[in-house]
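Working notes, structure below.
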Amino acid sequence: MSSFLKLLRLRLWILRNVLLRYKGSWFKVLVIFFFSLSFLLGMFFLFREGFQFLKTIPLISELVINRLFYFLFLFTFFLMLFSAILTSYSTFFSRGETDLLISLPLSFRVIFVYKFIEITFYTSWSFIFLGIPFFSAYAVINHLPASFYAVMAVLVIPFVLLSSGLGALFTLLLSRMMALRGWRIYIAGIFIASIPIFYFLYKIFSLPPLPSDLFSVVKQVFSHFQLSQHAYLPSYWVAKGLFLFLKGEIGKMNRYILLLYSSSFLLFGLLLLLSGFLYFPAFSNVRGSLREKRISGNFSPLSLLISLFSFLPRKYRALVQKDIKNFFRDPRQWSQFLIFFGILGVYIINLRSYRYFTVTPSFKMMISLVNIAAMGFILSTLTTRFMFPQMSLEGKRIWIIKLSSLTLREVLWEKFYITFSFCFFVVALLSNLTNILLQVSPLLYLVGNIMVLCMSLSLTSLSVGLGAVFPDFSSDNPAKIVSGFGGTVNFILGIIYVLLVVSLISIPFSLRYILIKINDRVFIVLVRLALIWISGITFLSVFFPLRYACKKLERLEI
């Protein structure tokens, strides 16, 4: 216990030193505070409007909200479980701090618990951060007492521990039983954790045409979410305990609280028991697995992808090859990328099964703009998660690049061009597929492509530029790099940009197709003005981050 407390004290000292670095940088502190508060307030008002809309549904509003909570907790549980599997492998068996801790006279259980706390934080912080405005909006709409927040905290704590504990247990057992390379463990974890997620997506997208009767619609839709109310799921225990509290049935609620805490303590005890004699063998399996790879001239998709850049000069081609291979060698990168765009692709492909959007042009316009906004938000998340850490991931080996014939400015522009080309190709493909399925007008088709081009340029330049302005060469963990000051600012600026440009282009279309207050001539003029404003905002968001990043790299001392 004393060793564990010393490790926690060391972690607190590290956190204290990190905070002291910002003691003289009040501007950074104010920027983080302002953007975080603005984001929380914006999400709060958005959720409040959503709950107000749901409450206007006659007769079944309470039923809809209840099912929404059941499904929300279930989906969150599987997402945190999947995140815990990915995070556990990189945290338990990462190089650097873990090597040092293993070499010290510390119990393996102590090291395991210390790392498990870190995994729990990385797994749950986004859920807690987004849950604050969500549950606050629900409490304000329903005029709930302050005790509601205390009950939610009591319910969420074991819920988070269960999801992260199951992910850690899965990774530990698989790493011990199978002396596999890291990417195989990721594939197994992704496959198992993705089954329920894609099951729900299949249920959602396989719905038949909706009947005209409201109650028949509700019955048909809710029948596909019966699993969210399974009595053996932790998500059901949380939602059920919350609803029992709202009904005033405190005795029954305490049973579910006891069930949550007893299950989490039992799982934690099992992890403590297994970690004592499984953690180090699993660590040895992962580190001692065969790393040799035969070099052959056989065809592979990776070689085909690299050959697409054969027209580049040799020094740039070598840098592109390095970035592509690093991306595909890290399952944390490509697995999450596939999940993001895979879910979006499944949604877009299944648009063909719905025919009601062909009734009115206004409905097609709304769906098209919502799809553009959704792809913008996903692109903002992806660029922050994958593009922002690119310069930092060069790590302590960046001096090798600086001694080569390449300058750091050229490295920055190479990363910008490659990431922009990749993002624009994928997002434009999905956007055009959406517009083809929706059979939109030529004008909306053109506007959609312009929006995709602008968003790809801006979000890529923000991530690559700010990643060079706020580098962290001491860490090789992308999640840790993104969670810093620069990653937070980059994510918030990306969200603001998407909201701003989508709002600008939505104004003329809303006035023309929904409110019907302007004619075609005024509509075309407003569309042109909106595109001019969007082009100007895009130019600023591309020019300043990259320009400042180039200056920062020129002054960088290694």
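How things are named: the first chain in the structure tokens is A, the next is B, and so on; residues count from 1 in each chain; ligands count from 1 in the order shown.
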Pick out each residue of stretch 227-298 of chain A that DSSP on the backbone tags as helix (DSSP H, G or I); I need them as an MDAnalysis selection string.
chainID A and resid 227:229 234:247 250:288
Proximity to A:Asp323 - best of A:Asp99, A:Glu249, A:Glu554, A:Glu414, only C-alpha atoms
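Nearest to A:Asp323: A:Glu414.
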As a list in words, please: the residues near A:Val426 (cut-off 10 Å, only C-alpha atoms, same-chain neighbours under 4 positions excluded).
Phe341, Leu379, Ser421, Phe422, Leu430 and Ser431 of chain A
Selection export as a CSV table (one decimal), in the first residue's frame, atoms kept: C-alpha atoms:
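The result, stored in part-v1.csv:
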```
chain,number,residue,atom,x,y,z
A,341,PHE,CA,-16.0,6.3,-41.2
A,379,LEU,CA,-13.7,15.2,-39.7
A,421,SER,CA,-5.6,14.8,-49.7
A,422,PHE,CA,-6.6,11.8,-47.7
A,430,LEU,CA,-19.1,10.0,-48.8
A,431,SER,CA,-20.7,13.4,-49.5
```
Which residues come within 7 Å of stretch 143-159 of chain A, counting only C-alpha atoms, excluding same-chain residues fewer than 3 positions away, as a list in words?
Ala139, Val140, Leu162, Ser163, Pro234, Val238, Ile257, Leu260, Tyr261 and Ser264 of chain A
Excluding same-chain residues fewer than 2 positions from stretch 507-521 of chain A, what lies within 9 Å of it counting only C-alpha atoms, as a list in words?
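Answer for this query is Pro361, Ser362, Phe363, Met365, Met366, Val502, Ser503, Leu504, Ile505, Phe523, Ile524, Val525, Leu526, Val527 and Ala530 of chain A.
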Those selected residues, please, written with C-alpha atoms and delivered as a PDB file, in the first residue's frame.
```pdb
ATOM      1  CA  PRO A 361     -37.159  19.342 -51.847  1.00  0.00           C
ATOM      2  CA  SER A 362     -37.034  20.960 -48.409  1.00  0.00           C
ATOM      3  CA  PHE A 363     -36.656  17.598 -46.692  1.00  0.00           C
ATOM      4  CA  MET A 365     -32.150  19.858 -48.432  1.00  0.00           C
ATOM      5  CA  MET A 366     -32.344  19.403 -44.660  1.00  0.00           C
ATOM      6  CA  VAL A 502     -22.847  25.209 -41.805  1.00  0.00           C
ATOM      7  CA  SER A 503     -24.951  27.975 -40.242  1.00  0.00           C
ATOM      8  CA  LEU A 504     -23.915  30.426 -42.960  1.00  0.00           C
ATOM      9  CA  ILE A 505     -24.851  28.109 -45.822  1.00  0.00           C
ATOM     10  CA  PHE A 523     -31.679  33.027 -52.984  1.00  0.00           C
ATOM     11  CA  ILE A 524     -28.801  32.778 -55.493  1.00  0.00           C
ATOM     12  CA  VAL A 525     -27.359  36.079 -54.259  1.00  0.00           C
ATOM     13  CA  LEU A 526     -27.454  34.908 -50.619  1.00  0.00           C
ATOM     14  CA  VAL A 527     -25.841  31.588 -51.546  1.00  0.00           C
ATOM     15  CA  ALA A 530     -22.492  32.763 -47.923  1.00  0.00           C
TER      16      ALA A 530
END
```
Pick out the residues sitting within 7 Å of stretch 68-77 of chain A, and hand them over as a PyMOL selection string; count only C-alpha atoms, and ignore anything fewer than 5 positions along from it in its own chain.
chain A and resi 163+228-229+235-236+239
Neighbours of stretch 164-176 of chain A within 9 Å (only C-alpha atoms; same-chain residues fewer than 3 positions away dropped), as a VMD selection string?
chain A and resid 80 to 89 92 116 119 to 120 123 to 124 159 to 161 179 to 182 185 to 186 188 to 189 264 267 to 268 270 to 271 274 to 275 278 to 286
Can you work out the spacing between atom CA of A:Trp237 and atom CA of A:Phe47 in Å, to one decimal?
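Computing it gives 23.1 Å between the two atoms.
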Looking at only C-alpha atoms, which of A:Ser90, A:Ser458, A:Ser136, A:Thr407 is the one that sits closest to A:Glu118?
A:Ser90
Using atom CA of A:Val542 and atom CA of A:Ile495 as the two end points, give the distance in Å to one decimal.
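Computing it gives 15.2 Å between the two atoms.
Considering the residues A:Leu446, A:Leu37, A:Leu462, A:Leu453 and counting only C-alpha atoms, A:Gly487 has its shortest atom-to-atom contact with A:Leu462.
With only C-alpha atoms as the basis for measurement, A:Leu546 is the residue among A:Leu546, A:Val482, A:Phe277, A:Phe386 that approaches A:Ser461 most closely.
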Rounded to one decimal in Å, what is the spacing between atom CA of A:Phe93 and atom CA of A:Leu272?
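Calculated distance between atom CA of A:Phe93 and atom CA of A:Leu272 is 17.1 Å.
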If you count only C-alpha atoms, the residue of A:Leu258, A:Met253, A:Ile117, A:Leu499 closest to A:Lys240 turns out to be A:Met253
